[in-house]
Amino acid sequence: MYPEHESDEARHPSEHVPSEEKSFLASDKSTLPKRRRSALDAIGPLQLVTLVTSSISLFGSVIFLSALWKTSISVSSGQGAPELWQTLVDRKWIVRAVTISSVVIRISVAVQVGLVTPMIASLLLERAGTRVGGLPMLSVMRSVTSSPHQLIGNSLHQLRRKTSLPFLCLALVALLTSTVLQFASTILLSDFGDQSLQGRAISTNVTFGLNRLNMRSSLILDLNNTDDRAGAIDPYSGVNYWKSSPSTYPRFAEWHQPAGAEEGVADTGLTYRAFLPFSSSDTRRSLRNFTGVATVLDFRTVCVRPNLTIQGAWLVNDDLLALDGFAEWEIEYSMLSHWPKPVPRTNLTSGFITKTFFNCTVPLDSSRIRSMGFWRITLCRTSDATYLKAPQGGLKSLPFLTNSYILINSTGSEEQWIDAGDFTDWKASSNGSWTSLSAERLDSNPSSFSATMCFINPSPSNYDVNIWATTDGIEPSLTWDPTTRQFNTDAVRRLYDSLDPQSTREQRGILTLDNHANWTAQLADPKLNVSTLDFVWAATLRGFETNNADYPTDGGGALLTPWSDRVAQGIHRAHIALFQHVIRSTHNPALALQTLFTVVTQSAYYDFLPQFDVEAPGLYTVSAVANIPYQGTGLTIVVAILAIHALVVGATTTLFLVGTNVSMLGNAWQAVAQVVRLVDRDILEDASLMRDKNVLGILKSSGRAGKVVKVS
């Protein structure tokens, strides 16, 4: 073993090795045979087991955390959850598992850093050399587990030596990574947040309808029989759903097929909507999956451009007009058929028309009430000479239940209509599904009205359904804006797809209804051998005025202006606000009516849902809030630091095995024996009762502090 001196080794070679007289050891040479050091000797059996075990622990922790994060983020996005992960969530063990993994990481890293430090000390002693003053500490470090900060603190004076710098950098990186990983738990938990997840499936019987045998109706029971009437339910009386509104608008499931474009037609396309058979708003909002029986209706609404013939009109007061006449339309529309048959054209060589009579009360401009941009619009029932066609395999269709309406929008005040004169002089025009008549013979008279014929047949039936969603939904309500003095309907319109046609179901807050190739095969009543009353649509019609109780017009209708609630045909202001905002923003009468009829029908359904007495097995899941990882930032940081740590451990171990020859970790006698010959005897004798700084003082005063020695 040959020591080196930085400054004067060439001039004083005798100072490199103490003389025999000064040496602390006897001069006798050892007679023990020398043997070559093996890799196992270098690292040591216990240290090797510790290194392998801690590496496996770190690798296992990373795999576990990565799987936990991947599953959590996947489940947060709506994917299914493995059983083990679900068990951890149910028992609230996710945070505990991460905390335990963090402890394993901290302990394993600390153990490995404790092994890396002696290796670096060995490299400094054998490859770079060290001053005599630091020799004892570095040598002792080889035999015990140490912290890098002790090594760095003892070797700061060697930072200028190029041979020492790489080893000290390894020690510094090991120190930094181990320090940061002490906060692994905090870093990992920064990825956590409360997430709404799909919970476990719940299997139970779900009520979905009213048993026809328990209904109190003259069509079903003998009303003279008090036994039949006692305790029975009459769904056709009670609440007028047109004159009342829901406090919140219930979530539903939907399957939609857009309609093809046709001239003069506004068509929503097939729109199957399933009502959720749960009375709890919380359950509906958090519902993720449901397989069972539910009421499904087709809310497809079609409006076509009619030809108008006005027979008569008279003012019933200063802002209401009674109007009657005929509307005709052609049969070439692909989605319409006729009952019983169309009327041949009289003025063309071919083609057929369908004709219906209307009698409506129409609102006019009023000097007493500000318009605020609202349309003067009314909805009137007409004779049902046309029905909507049902697609092959679609929902059960009863053509005679198709309802026909004429929607009339007017402009002009009482005085202007009086000045407009005979309707035969009015000019006809068309725009989309609307036909307009206007009094254009008078230059400044804005009197006009536009009309469109609309058809809807949401015949309710109960079907086996599968509905699902990847996120929780909403059940919005109307809010009042005191500044504009109007309802804010945006959230409700978004729910019914009448705000932004590009909105996804997730953005709307509804569920997806899976379509069946053959819906008839999914009818629940035949499968369950029960007869339910499909009352919902009929119940809503009972609230629709069959005639004008205040004024002599025969056609049933609903006035859809905010100031019309003072007459019998006025409906609830919330319905009016919703309808007005849809039709004013989209100019699509079919979409506005579809929204209105869905709301009214839902009101009837949920009004009677607590009394449903027919049930069927159902399987459903609702969301549950859990504190889980929803992002990977913290995990990425921890894994990156562990990767750096692994590189340091691997590089240091490789350098230790390749770059050292005599160091053997964990061996104290070897550590002492290899360095004792490098120190003068007088220093060793004096140092036995001195502190390190006193010994360093002696070395400095004797000029030996700068001596650099190596172990070899």
# chains A, B, ... in the order shown; residues from 1 in each chain; ligands from 1
$ residues_around --residues "range 89-103 of chain A" --least-positions-apart "4" --cutoff "10 Å" --atoms "only C-alpha atoms" --output "PyMOL selection string"
chain A and resi 57-58+60-62+64-65+68+72+83-85+107-109+181-189+192+197+199-200+624-629+638
$ residues_around --residues "Ala327 in chain A" --least-positions-apart "4" --cutoff "6 Å" --atoms "only C-alpha atoms" --output "number ranges by chain"
A: 306-308, 355-356
$ atom_distance --atom1 "CA of Gly570 in chain A" --atom2 "CA of Leu321 in chain A"
14.2 Å
$ closest_residue --among "A:Leu123, A:Met137, A:Phe299, A:Val711" --to "Ala673 in chain A" --atoms "only C-alpha atoms"
A:Val711
$ select_by_dssp --residues "range 368-469 of chain A" --states "alpha helix (DSSP H)" --output "PyMOL selection string"
chain A and resi 414-420
$ closest_residue --among "A:Ser663, A:Gln112, A:Thr386, A:Thr471" --to "Thr53 in chain A" --atoms "only C-alpha atoms"
A:Gln112
$ select_by_dssp --residues "range 474-563 of chain A" --states "strand (DSSP E)" --output "VMD selection string"
chain A and resid 479 to 481 486 to 488 511 to 513 557 to 559
$ closest_residue --among "A:Thr532, A:Ser143, A:Ser74, A:Thr470" --to "Leu213 in chain A" --atoms "only C-alpha atoms"
A:Thr532
$ residues_around --residues "Leu364 in chain A" --least-positions-apart "5" --cutoff "6 Å" --atoms "only C-alpha atoms" --output "list of chain:residue names"
A:Asp319, A:Leu320, A:Ser413
$ closest_residue --among "A:Trp255, A:Tyr249, A:Phe59, A:Phe656" --to "Ser477 in chain A" --atoms "only C-alpha atoms"
A:Tyr249
$ residues_around --residues "Ala643 in chain A" --least-positions-apart "6" --cutoff "10 Å" --atoms "only C-alpha atoms" --output "PyMOL selection string"
chain A and resi 177+637+649
$ atom_distance --atom1 "CA of Ala604 in chain A" --atom2 "CA of Leu398 in chain A"
20.1 Å
$ residues_around --residues "Asp500 in chain A" --least-positions-apart "6" --cutoff "10 Å" --atoms "only C-alpha atoms" --output "list in words"
Asp490, Arg493, Arg494, Arg508 and Thr586 of chain A
$ residues_around --residues "Thr654 in chain A" --least-positions-apart "3" --cutoff "12 Å" --atoms "only C-alpha atoms" --output "VMD selection string"
chain A and resid 39 42 to 43 116 119 to 120 123 647 to 651 657 to 660
